[in-house]
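The file protein-v1.pdb contains PDB, C-alpha atoms and all ligand atoms:
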ATOM      1  CA  MET A 140       8.592 -16.452  29.763
ATOM      2  CA  ASP A 141      10.611 -19.295  28.225
ATOM      3  CA  PHE A 142      14.021 -20.014  29.721
ATOM      4  CA  SER A 143      16.943 -21.135  27.581
ATOM      5  CA  GLU A 144      18.831 -24.314  28.566
ATOM      6  CA  ASP A 145      21.615 -22.100  29.930
ATOM      7  CA  GLN A 146      19.173 -20.092  32.025
ATOM      8  CA  ILE A 147      17.595 -23.213  33.537
ATOM      9  CA  HIS A 148      21.111 -24.354  34.445
ATOM     10  CA  ARG A 149      22.239 -20.921  35.714
ATOM     11  CA  TYR A 150      19.196 -20.301  37.917
ATOM     12  CA  ALA A 151      18.577 -23.944  38.968
ATOM     13  CA  ARG A 152      19.102 -23.253  42.675
ATOM     14  CA  HIS A 153      16.657 -20.344  42.596
ATOM     15  CA  ILE A 154      14.081 -22.311  40.617
ATOM     16  CA  LEU A 155      14.341 -25.115  43.204
ATOM     17  CA  LEU A 156      13.143 -22.761  45.954
ATOM     18  CA  PRO A 157       9.335 -22.929  46.210
ATOM     19  CA  GLU A 158       9.343 -19.191  47.132
ATOM     20  CA  VAL A 159      11.128 -18.312  43.870
ATOM     21  CA  GLY A 160      10.503 -20.999  41.243
ATOM     22  CA  GLY A 161      10.310 -20.309  37.530
ATOM     23  CA  VAL A 162       7.719 -17.585  38.046
ATOM     24  CA  GLY A 163       9.921 -15.715  40.534
ATOM     25  CA  GLN A 164      13.020 -16.097  38.383
ATOM     26  CA  ALA A 165      11.135 -14.710  35.381
ATOM     27  CA  ARG A 166      10.041 -11.790  37.565
ATOM     28  CA  LEU A 167      13.668 -11.068  38.538
ATOM     29  CA  LEU A 168      14.708 -11.097  34.878
ATOM     30  CA  GLU A 169      12.043  -8.473  34.158
ATOM     31  CA  SER A 170      12.902  -6.330  37.214
ATOM     32  CA  LYS A 171      14.668  -2.970  37.244
ATOM     33  CA  VAL A 172      16.676  -1.932  40.313
ATOM     34  CA  LEU A 173      18.477   1.388  40.774
ATOM     35  CA  VAL A 174      21.633   1.196  42.908
ATOM     36  CA  ILE A 175      22.767   4.538  44.338
ATOM     37  CA  GLY A 176      26.570   4.447  44.583
ATOM     38  CA  SER A 177      28.891   1.653  43.459
ATOM     39  CA  GLY A 178      31.044   1.753  46.599
ATOM     40  CA  GLY A 179      31.343  -0.575  49.583
ATOM     41  CA  LEU A 180      27.606  -1.328  49.773
ATOM     42  CA  GLY A 181      26.930  -1.012  46.043
ATOM     43  CA  SER A 182      29.623  -3.587  45.225
ATOM     44  CA  PRO A 183      27.978  -6.677  46.748
ATOM     45  CA  LEU A 184      24.574  -5.293  45.775
ATOM     46  CA  ILE A 185      25.482  -5.078  42.098
ATOM     47  CA  MET A 186      27.235  -8.458  42.103
ATOM     48  CA  TYR A 187      24.454 -10.402  43.855
ATOM     49  CA  LEU A 188      21.679  -8.693  41.870
ATOM     50  CA  ALA A 189      23.577  -9.519  38.664
ATOM     51  CA  ALA A 190      24.157 -13.114  39.765
ATOM     52  CA  ALA A 191      20.449 -13.400  40.664
ATOM     53  CA  GLY A 192      19.480 -12.348  37.135
ATOM     54  CA  VAL A 193      17.883  -8.990  37.911
ATOM     55  CA  GLY A 194      17.378  -7.945  34.292
ATOM     56  CA  THR A 195      18.148  -4.229  34.543
ATOM     57  CA  ILE A 196      20.483  -2.723  37.135
ATOM     58  CA  GLY A 197      20.903   1.040  37.048
ATOM     59  CA  VAL A 198      24.053   2.308  38.738
ATOM     60  CA  ILE A 199      24.426   5.966  39.626
ATOM     61  CA  ASP A 200      27.898   7.208  40.575
ATOM     62  CA  ASP A 201      30.001  10.089  39.270
ATOM     63  CA  ASP A 202      33.257   8.867  40.839
ATOM     64  CA  ARG A 203      36.292   7.021  39.469
ATOM     65  CA  VAL A 204      37.944   3.918  40.923
ATOM     66  CA  ASP A 205      40.688   4.872  43.413
ATOM     67  CA  LEU A 206      43.307   2.662  45.071
ATOM     68  CA  SER A 207      41.815   3.438  48.517
ATOM     69  CA  ASN A 208      38.428   2.006  47.380
ATOM     70  CA  LEU A 209      39.708  -1.529  46.844
ATOM     71  CA  GLN A 210      39.868  -2.450  50.573
ATOM     72  CA  ARG A 211      36.051  -2.928  50.450
ATOM     73  CA  GLN A 212      34.635  -2.074  46.989
ATOM     74  CA  VAL A 213      34.966  -5.572  45.575
ATOM     75  CA  VAL A 214      33.124  -4.861  42.316
ATOM     76  CA  HIS A 215      36.211  -2.874  41.199
ATOM     77  CA  SER A 216      39.771  -4.090  40.639
ATOM     78  CA  THR A 217      43.362  -2.853  40.645
ATOM     79  CA  GLU A 218      43.550  -2.815  36.841
ATOM     80  CA  ARG A 219      40.465  -0.566  36.681
ATOM     81  CA  ILE A 220      41.889   2.248  38.886
ATOM     82  CA  GLY A 221      40.997   5.537  37.179
ATOM     83  CA  MET A 222      38.018   4.063  35.296
ATOM     84  CA  ALA A 223      34.518   5.490  35.860
ATOM     85  CA  LYS A 224      32.971   3.409  38.653
ATOM     86  CA  THR A 225      29.790   2.862  36.643
ATOM     87  CA  GLU A 226      31.826   1.383  33.763
ATOM     88  CA  SER A 227      33.870  -0.776  36.153
ATOM     89  CA  ALA A 228      30.626  -2.044  37.742
ATOM     90  CA  ARG A 229      29.152  -2.708  34.287
ATOM     91  CA  LEU A 230      32.183  -4.821  33.321
ATOM     92  CA  ALA A 231      31.959  -6.801  36.580
ATOM     93  CA  ALA A 232      28.229  -7.472  36.190
ATOM     94  CA  ALA A 233      28.652  -8.470  32.529
ATOM     95  CA  ALA A 234      31.390 -10.928  33.519
ATOM     96  CA  ILE A 235      29.045 -12.535  36.064
ATOM     97  CA  ASN A 236      25.877 -12.717  33.977
ATOM     98  CA  PRO A 237      25.267 -11.773  30.340
ATOM     99  CA  ASP A 238      21.482 -11.787  30.984
ATOM    100  CA  VAL A 239      21.864  -8.523  32.903
ATOM    101  CA  ARG A 240      21.849  -5.036  31.435
ATOM    102  CA  VAL A 241      23.665  -2.416  33.526
ATOM    103  CA  VAL A 242      22.552   1.139  32.839
ATOM    104  CA  ALA A 243      25.372   3.506  33.808
ATOM    105  CA  HIS A 244      24.305   6.886  35.167
ATOM    106  CA  SER A 245      27.673   8.652  35.508
ATOM    107  CA  GLU A 246      26.250  11.730  37.145
ATOM    108  CA  ARG A 247      25.367  13.061  40.568
ATOM    109  CA  LEU A 248      21.839  12.574  41.812
ATOM    110  CA  THR A 249      20.308  16.037  42.116
ATOM    111  CA  ALA A 250      16.912  17.489  42.968
ATOM    112  CA  ASP A 251      16.496  18.111  39.213
ATOM    113  CA  ASN A 252      17.165  14.572  37.942
ATOM    114  CA  ALA A 253      16.176  12.388  40.943
ATOM    115  CA  LEU A 254      12.495  11.867  40.084
ATOM    116  CA  ASP A 255      13.168  11.124  36.414
ATOM    117  CA  LEU A 256      15.934   8.648  37.253
ATOM    118  CA  ILE A 257      14.066   6.872  40.040
ATOM    119  CA  GLY A 258      10.811   6.820  38.050
ATOM    120  CA  GLY A 259      12.360   4.406  35.544
ATOM    121  CA  TYR A 260      12.962   1.673  38.141
ATOM    122  CA  ASP A 261      10.870  -0.725  40.257
ATOM    123  CA  ILE A 262      12.879  -0.374  43.455
ATOM    124  CA  VAL A 263      15.828   1.672  44.751
ATOM    125  CA  ALA A 264      18.800   0.527  46.872
ATOM    126  CA  ASP A 265      20.714   3.343  48.533
ATOM    127  CA  GLY A 266      24.354   2.741  49.383
ATOM    128  CA  SER A 267      25.452   6.365  49.140
ATOM    129  CA  ASP A 268      28.055   7.891  51.424
ATOM    130  CA  ASN A 269      26.504  11.228  52.393
ATOM    131  CA  PHE A 270      23.407  12.531  54.131
ATOM    132  CA  ALA A 271      22.367  14.986  51.415
ATOM    133  CA  THR A 272      21.991  12.107  48.925
ATOM    134  CA  ARG A 273      20.179   9.929  51.488
ATOM    135  CA  PHE A 274      17.546  12.595  52.135
ATOM    136  CA  LEU A 275      17.170  13.299  48.425
ATOM    137  CA  VAL A 276      16.744   9.584  47.598
ATOM    138  CA  ASN A 277      14.213   9.166  50.417
ATOM    139  CA  ASP A 278      12.139  12.142  49.317
ATOM    140  CA  ALA A 279      12.223  11.180  45.627
ATOM    141  CA  CYS A 280      11.299   7.543  46.375
ATOM    142  CA  ARG A 281       8.386   8.562  48.607
ATOM    143  CA  LEU A 282       7.078  11.080  46.073
ATOM    144  CA  ALA A 283       7.486   8.591  43.190
ATOM    145  CA  GLY A 284       5.899   5.742  45.213
ATOM    146  CA  LYS A 285       9.009   3.535  45.024
ATOM    147  CA  THR A 286      10.243   1.162  47.725
ATOM    148  CA  LEU A 287      13.657   2.136  49.108
ATOM    149  CA  VAL A 288      16.037  -0.360  50.710
ATOM    150  CA  SER A 289      18.681   1.652  52.543
ATOM    151  CA  ALA A 290      21.911   0.501  54.176
ATOM    152  CA  ALA A 291      24.713   2.302  55.969
ATOM    153  CA  VAL A 292      28.041   1.249  57.411
ATOM    154  CA  LEU A 293      30.703   2.939  59.560
ATOM    155  CA  ARG A 294      33.652   1.432  61.467
ATOM    156  CA  PHE A 295      32.233  -1.936  62.721
ATOM    157  CA  ASP A 296      28.573  -0.893  62.696
ATOM    158  CA  GLY A 297      25.834  -1.286  60.120
ATOM    159  CA  GLN A 298      22.186  -0.344  59.669
ATOM    160  CA  LEU A 299      19.558  -1.626  57.250
ATOM    161  CA  ALA A 300      15.987  -0.454  56.674
ATOM    162  CA  THR A 301      13.265  -0.682  54.053
ATOM    163  CA  PHE A 302      11.149   2.417  53.566
ATOM    164  CA  LYS A 303       7.828   2.047  51.792
ATOM    165  CA  SER A 304       4.396   3.602  52.135
ATOM    166  CA  PRO A 305       2.447   3.444  54.438
ATOM    167  CA  GLY A 306       5.403   2.609  56.717
ATOM    168  CA  PRO A 307       7.887   5.138  58.066
ATOM    169  CA  CYS A 308      10.450   6.867  55.826
ATOM    170  CA  TYR A 309      14.074   7.882  56.386
ATOM    171  CA  ARG A 310      12.910  11.295  57.644
ATOM    172  CA  CYS A 311      10.798   9.600  60.331
ATOM    173  CA  LEU A 312      14.088   8.142  61.603
ATOM    174  CA  TYR A 313      16.265  11.211  60.968
ATOM    175  CA  PRO A 314      14.108  14.358  60.652
ATOM    176  CA  SER A 315      16.893  16.475  59.165
ATOM    177  CA  GLU A 316      20.502  16.341  58.066
ATOM    178  CA  PRO A 317      22.960  16.345  60.976
ATOM    179  CA  PRO A 318      25.171  19.449  61.107
ATOM    180  CA  GLU A 319      28.313  19.211  58.966
ATOM    181  CA  GLY A 320      31.021  17.249  60.820
ATOM    182  CA  GLU A 321      28.748  15.801  63.529
ATOM    183  CA  VAL A 322      28.653  12.308  62.017
ATOM    184  CA  PRO A 323      32.015  11.230  60.568
ATOM    185  CA  SER A 324      32.280   9.545  57.157
ATOM    186  CA  CYS A 325      34.076   6.259  56.432
ATOM    187  CA  ALA A 326      36.901   8.373  54.950
ATOM    188  CA  GLN A 327      37.248  10.149  58.312
ATOM    189  CA  ALA A 328      36.537   7.331  60.784
ATOM    190  CA  GLY A 329      37.337   4.154  58.827
ATOM    191  CA  VAL A 330      35.312   1.026  58.113
ATOM    192  CA  LEU A 331      36.011  -2.697  58.257
ATOM    193  CA  GLY A 332      35.806  -3.671  54.586
ATOM    194  CA  ALA A 333      34.008  -6.959  55.197
ATOM    195  CA  MET A 334      31.248  -5.091  57.102
ATOM    196  CA  ALA A 335      30.359  -3.248  53.892
ATOM    197  CA  GLY A 336      30.055  -6.703  52.345
ATOM    198  CA  VAL A 337      27.779  -7.938  55.147
ATOM    199  CA  MET A 338      25.457  -4.930  54.943
ATOM    200  CA  GLY A 339      25.420  -4.744  51.117
ATOM    201  CA  THR A 340      24.627  -8.465  50.934
ATOM    202  CA  LEU A 341      21.778  -8.111  53.458
ATOM    203  CA  GLN A 342      20.561  -5.165  51.380
ATOM    204  CA  ALA A 343      20.624  -7.309  48.206
ATOM    205  CA  THR A 344      18.641  -9.997  50.078
ATOM    206  CA  GLU A 345      15.932  -7.488  51.047
ATOM    207  CA  VAL A 346      15.792  -6.083  47.488
ATOM    208  CA  LEU A 347      15.284  -9.604  46.092
ATOM    209  CA  LYS A 348      12.584 -10.354  48.723
ATOM    210  CA  GLU A 349      10.747  -7.134  47.834
ATOM    211  CA  LEU A 350      10.935  -7.937  44.099
ATOM    212  CA  LEU A 351       9.651 -11.462  44.708
ATOM    213  CA  GLY A 352       7.099 -10.402  47.359
ATOM    214  CA  ILE A 353       8.247 -13.109  49.775
ATOM    215  CA  GLY A 354       8.880 -13.281  53.529
ATOM    216  CA  ASP A 355       8.457 -10.448  56.004
ATOM    217  CA  SER A 356       9.302  -7.005  54.682
ATOM    218  CA  LEU A 357      11.801  -5.060  56.774
ATOM    219  CA  SER A 358       9.513  -2.019  56.378
ATOM    220  CA  GLY A 359       8.740  -0.595  59.827
ATOM    221  CA  SER A 360      11.965  -1.925  61.353
ATOM    222  CA  LEU A 361      15.600  -0.902  61.600
ATOM    223  CA  LEU A 362      18.234  -3.642  61.710
ATOM    224  CA  ILE A 363      21.326  -2.675  63.710
ATOM    225  CA  VAL A 364      24.427  -4.820  63.275
ATOM    226  CA  ASP A 365      27.500  -4.650  65.546
ATOM    227  CA  ALA A 366      30.407  -6.639  64.132
ATOM    228  CA  LEU A 367      32.590  -6.420  67.266
ATOM    229  CA  SER A 368      29.981  -8.121  69.469
ATOM    230  CA  ILE A 369      28.601  -9.950  66.387
ATOM    231  CA  SER A 370      25.035  -8.979  67.340
ATOM    232  CA  PHE A 371      21.967  -8.289  65.202
ATOM    233  CA  ARG A 372      19.196  -6.193  66.742
ATOM    234  CA  LYS A 373      15.877  -5.240  65.122
ATOM    235  CA  ILE A 374      13.987  -2.251  66.499
ATOM    236  CA  ARG A 375      10.499  -1.049  65.540
ATOM    237  CA  LEU A 376      10.191   2.189  63.581
ATOM    238  CA  LYS A 377       6.948   4.145  63.568
ATOM    239  CA  PRO A 378       5.863   6.857  61.150
ATOM    240  CA  ASP A 379       6.642  10.213  62.809
ATOM    241  CA  PRO A 380       3.519  12.424  62.920
ATOM    242  CA  ALA A 381       5.873  15.415  62.582
ATOM    243  CA  CYS A 382       7.612  13.976  59.482
ATOM    244  CA  ALA A 383       7.787  16.527  56.670
ATOM    245  CA  LEU A 384       6.939  13.759  54.162
ATOM    246  CA  CYS A 385       4.489  11.344  55.786
ATOM    247  CA  GLY A 386       3.085  13.379  58.687
ATOM    248  CA  PRO A 387      -0.481  14.703  58.510
ATOM    249  CA  VAL A 388       0.837  18.218  57.881
ATOM    250  CA  ALA A 389       3.413  17.793  55.145
ATOM    251  CA  THR A 390       5.780  20.749  55.293
ATOM    252  CA  ILE A 391       6.992  20.361  51.759
ATOM    253  CA  HIS A 392       9.293  23.372  51.878
ATOM    254  CA  ASP A 393      11.528  21.267  54.156
ATOM    255  CA  LEU A 394      12.045  18.591  51.525
ATOM    256  CA  SER A 395      14.908  18.173  49.092
ATOM    257  CA  ILE A 396      12.428  18.231  46.232
ATOM    258  CA  HIS A 397       9.371  20.373  45.860
ATOM    259  CA  ARG A 398       6.160  18.561  45.158
ATOM    260  CA  SER A 399       5.767  20.614  41.962
ATOM    261  CA  ALA A 400       8.843  18.805  40.640
ATOM    262  CA  VAL A 401       6.849  15.565  40.724
ATOM    263  CA  HIS A 402       4.667  16.860  37.939
ATOM    264  CA  ALA A 403       7.572  18.374  36.040
ATOM    265  CA  GLY A 404       9.526  15.137  36.418
ATOM    266  CA  GLY A 405       6.606  12.865  35.575
TER     267      GLY A 405
HETATM  268 ZN    ZN B 501       8.464  10.026  57.137
END

Starting from the file, give its structure as structure tokens.
Ligand SMILES: [Zn+2]
Amino acid sequence: MDFSEDQIHRYARHILLPEVGGVGQARLLESKVLVIGSGGLGSPLIMYLAAAGVGTIGVIDDDRVDLSNLQRQVVHSTERIGMAKTESARLAAAAINPDVRVVAHSERLTADNALDLIGGYDIVADGSDNFATRFLVNDACRLAGKTLVSAAVLRFDGQLATFKSPGPCYRCLYPSEPPEGEVPSCAQAGVLGAMAGVMGTLQATEVLKELLGIGDSLSGSLLIVDALSISFRKIRLKPDPACALCGPVATIHDLSIHRSAVHAGG
């Protein structure tokens, strides 16, 4: 791949890194990343992936920009209140880097479209705000053989994990959805806006490492961040033999997607 003068200038500080170099930068420009949700986590994800020159960024979100989003969702702006979040994110990414193509998926991720959508990308970054979507994304990624980098944030706490075969999946960590109301949402319990930035930026870092194939993968670990004590803790995760997805006896009727849908969805 030949870089233009502008590209050599734009990506100079990546190209300087022996772990990235021209080869790595070219790989980023050819990469396709699907970002689930353009909210508090999706905002820094989209902005740093765009700045890094990830060539294709898919953004799935069916929501519109609301005033209450702007405390943490820094990809959006006051003048874009009411605009589809995917369009707002596209405008922000285009303003950062014209090398990047944002593909707007202004729809909900469902069991019917998940495999088709995810199948078109190299890697998936989940920053969604509900458990149903998290389980669906996990199941679709595992069935489609895609690496999933997943982050979550609530109040002053954050979690980050990378799920890829043969390592554990999200269901190894959380076997099933918690009962409605057991775990509060950010809308119910609040979140420090900057913590979404911390976790989304760490998530972008892990996505870039996976794309470049550098460093230690976070697969097999869960990073737990506590902003109040400003502590980072990494715990080991093991595949759960009873996991409906990666256990020896896959109980596929428990999954969000039936295995038959893999064939239907390609
Ligand atoms: Zn599993």

Run the PyMOL selection byres (((chain A and resi 227) around 12) and not hetatm) against the file shown and list the residues it catches, as a ChimeraX atom specification. /A:177-178,182,185-186,198,200-205,212-226,228-234,241-243,245

Smallest atom-to-atom distance to Leu256 in chain A: which of A:Phe295, A:Cys382, A:Lys348, A:Ile199, using all atoms listed in the file? A:Ile199

If the PyMOL selection byres (((not hetatm)) within 7 of (chain B and resi 501)) were run on this exact file, what residues would it hold? Put them as an MDAnalysis selection string. chainID A and resid 307:311 378:379 382:386

Pick from A:Asp365, A:Pro237, A:Asp255, A:Lys377: nearest to Pro305 in chain A, with only C-alpha atoms counted? A:Lys377

Pairwise distance for CA of Pro323 in chain A and CA of Asn252 in chain A, rounded to one decimal in Å: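 CA of Pro323 in chain A sits 27.3 Å away from CA of Asn252 in chain A.
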
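Distance check against Glu158 in chain A using all atoms listed in the file: of A:Ala250, A:Leu341, A:Ala264, A:Leu347, the minimum falls on A:Leu347.
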
If you measure from CA of Arg166 in chain A to CA of Ser143 in chain A, what distance in Å do you get, rounded to one decimal?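 CA of Ser143 in chain A lies at a distance of 15.3 Å from CA of Arg166 in chain A.
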
Work out how far apart CA of Val174 in chain A and CA of Ser315 in chain A are and give it in Å to one decimal. 22.8 Å

Contacts of Arg375 in chain A at 10 Å (all atoms listed in the file; same-chain gap of 2+ positions) as a compact mmCIF listing (two decimals) with C-alpha atoms, in the frame of the given file:
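In the end it all went to part03.txt:
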# COMPACT_ATOMS: atom_id res chain seq x y z
CA LEU A 357 11.80 -5.06 56.77
CA SER A 358 9.51 -2.02 56.38
CA GLY A 359 8.74 -0.60 59.83
CA SER A 360 11.96 -1.92 61.35
CA LEU A 361 15.60 -0.90 61.60
CA LEU A 362 18.23 -3.64 61.71
CA LYS A 373 15.88 -5.24 65.12
CA LYS A 377 6.95 4.14 63.57

Starting from 4 Å padding per side, set up an axis-aligned box that covers all listed atoms of range 286-294 of chain A and hand over centre and edge lengths in Å, one decimal, as lines of an AutoDock Vina configuration file.
center_x = 21.9
center_y = 1.3
center_z = 54.6
size_x = 31.4
size_y = 11.3
size_z = 21.7

Kindly indicate which residue among A:Met334, A:Ile147, A:Ala271, A:Val159 lies nearest to Glu349 in chain A, using all atoms listed in the file for the distances.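 Checking each candidate against Glu349 in chain A, we get A:Val159 as the closest.
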
Between A:Gly181, A:Gly297, A:Gly258, A:Gly163, which residue has the minimum interatomic distance to Ala343 in chain A, considering all atoms listed in the file?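 Checking each of A:Gly181, A:Gly297, A:Gly258, A:Gly163 against Ala343 in chain A, counting all atoms listed in the file, the winner is A:Gly181.
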
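Neighbours of Arg281 in chain A closer than or equal to 9 Å, with all atoms listed in the file counted and sequence neighbours fewer than 2 positions away skipped, come out as Val276, Asn277, Asp278, Ala279, Ala283, Gly284, Lys285, Thr286, Leu287, Phe302, Lys303, Ser304, Cys308, Leu384 and Cys385 of chain A.
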
Give me a file of those residues, with C-alpha atoms, as a PDB file, in the frame of the given file.
ATOM      1  CA  VAL A 276      16.744   9.584  47.598  1.00  0.00           C
ATOM      2  CA  ASN A 277      14.213   9.166  50.417  1.00  0.00           C
ATOM      3  CA  ASP A 278      12.139  12.142  49.317  1.00  0.00           C
ATOM      4  CA  ALA A 279      12.223  11.180  45.627  1.00  0.00           C
ATOM      5  CA  ALA A 283       7.486   8.591  43.190  1.00  0.00           C
ATOM      6  CA  GLY A 284       5.899   5.742  45.213  1.00  0.00           C
ATOM      7  CA  LYS A 285       9.009   3.535  45.024  1.00  0.00           C
ATOM      8  CA  THR A 286      10.243   1.162  47.725  1.00  0.00           C
ATOM      9  CA  LEU A 287      13.657   2.136  49.108  1.00  0.00           C
ATOM     10  CA  PHE A 302      11.149   2.417  53.566  1.00  0.00           C
ATOM     11  CA  LYS A 303       7.828   2.047  51.792  1.00  0.00           C
ATOM     12  CA  SER A 304       4.396   3.602  52.135  1.00  0.00           C
ATOM     13  CA  CYS A 308      10.450   6.867  55.826  1.00  0.00           C
ATOM     14  CA  LEU A 384       6.939  13.759  54.162  1.00  0.00           C
ATOM     15  CA  CYS A 385       4.489  11.344  55.786  1.00  0.00           C
TER      16      CYS A 385
END

So, counting only C-alpha atoms, which residue among A:Ala191, A:Leu331, A:Leu275, A:Leu350 is closest to Glu316 in chain A? A:Leu275
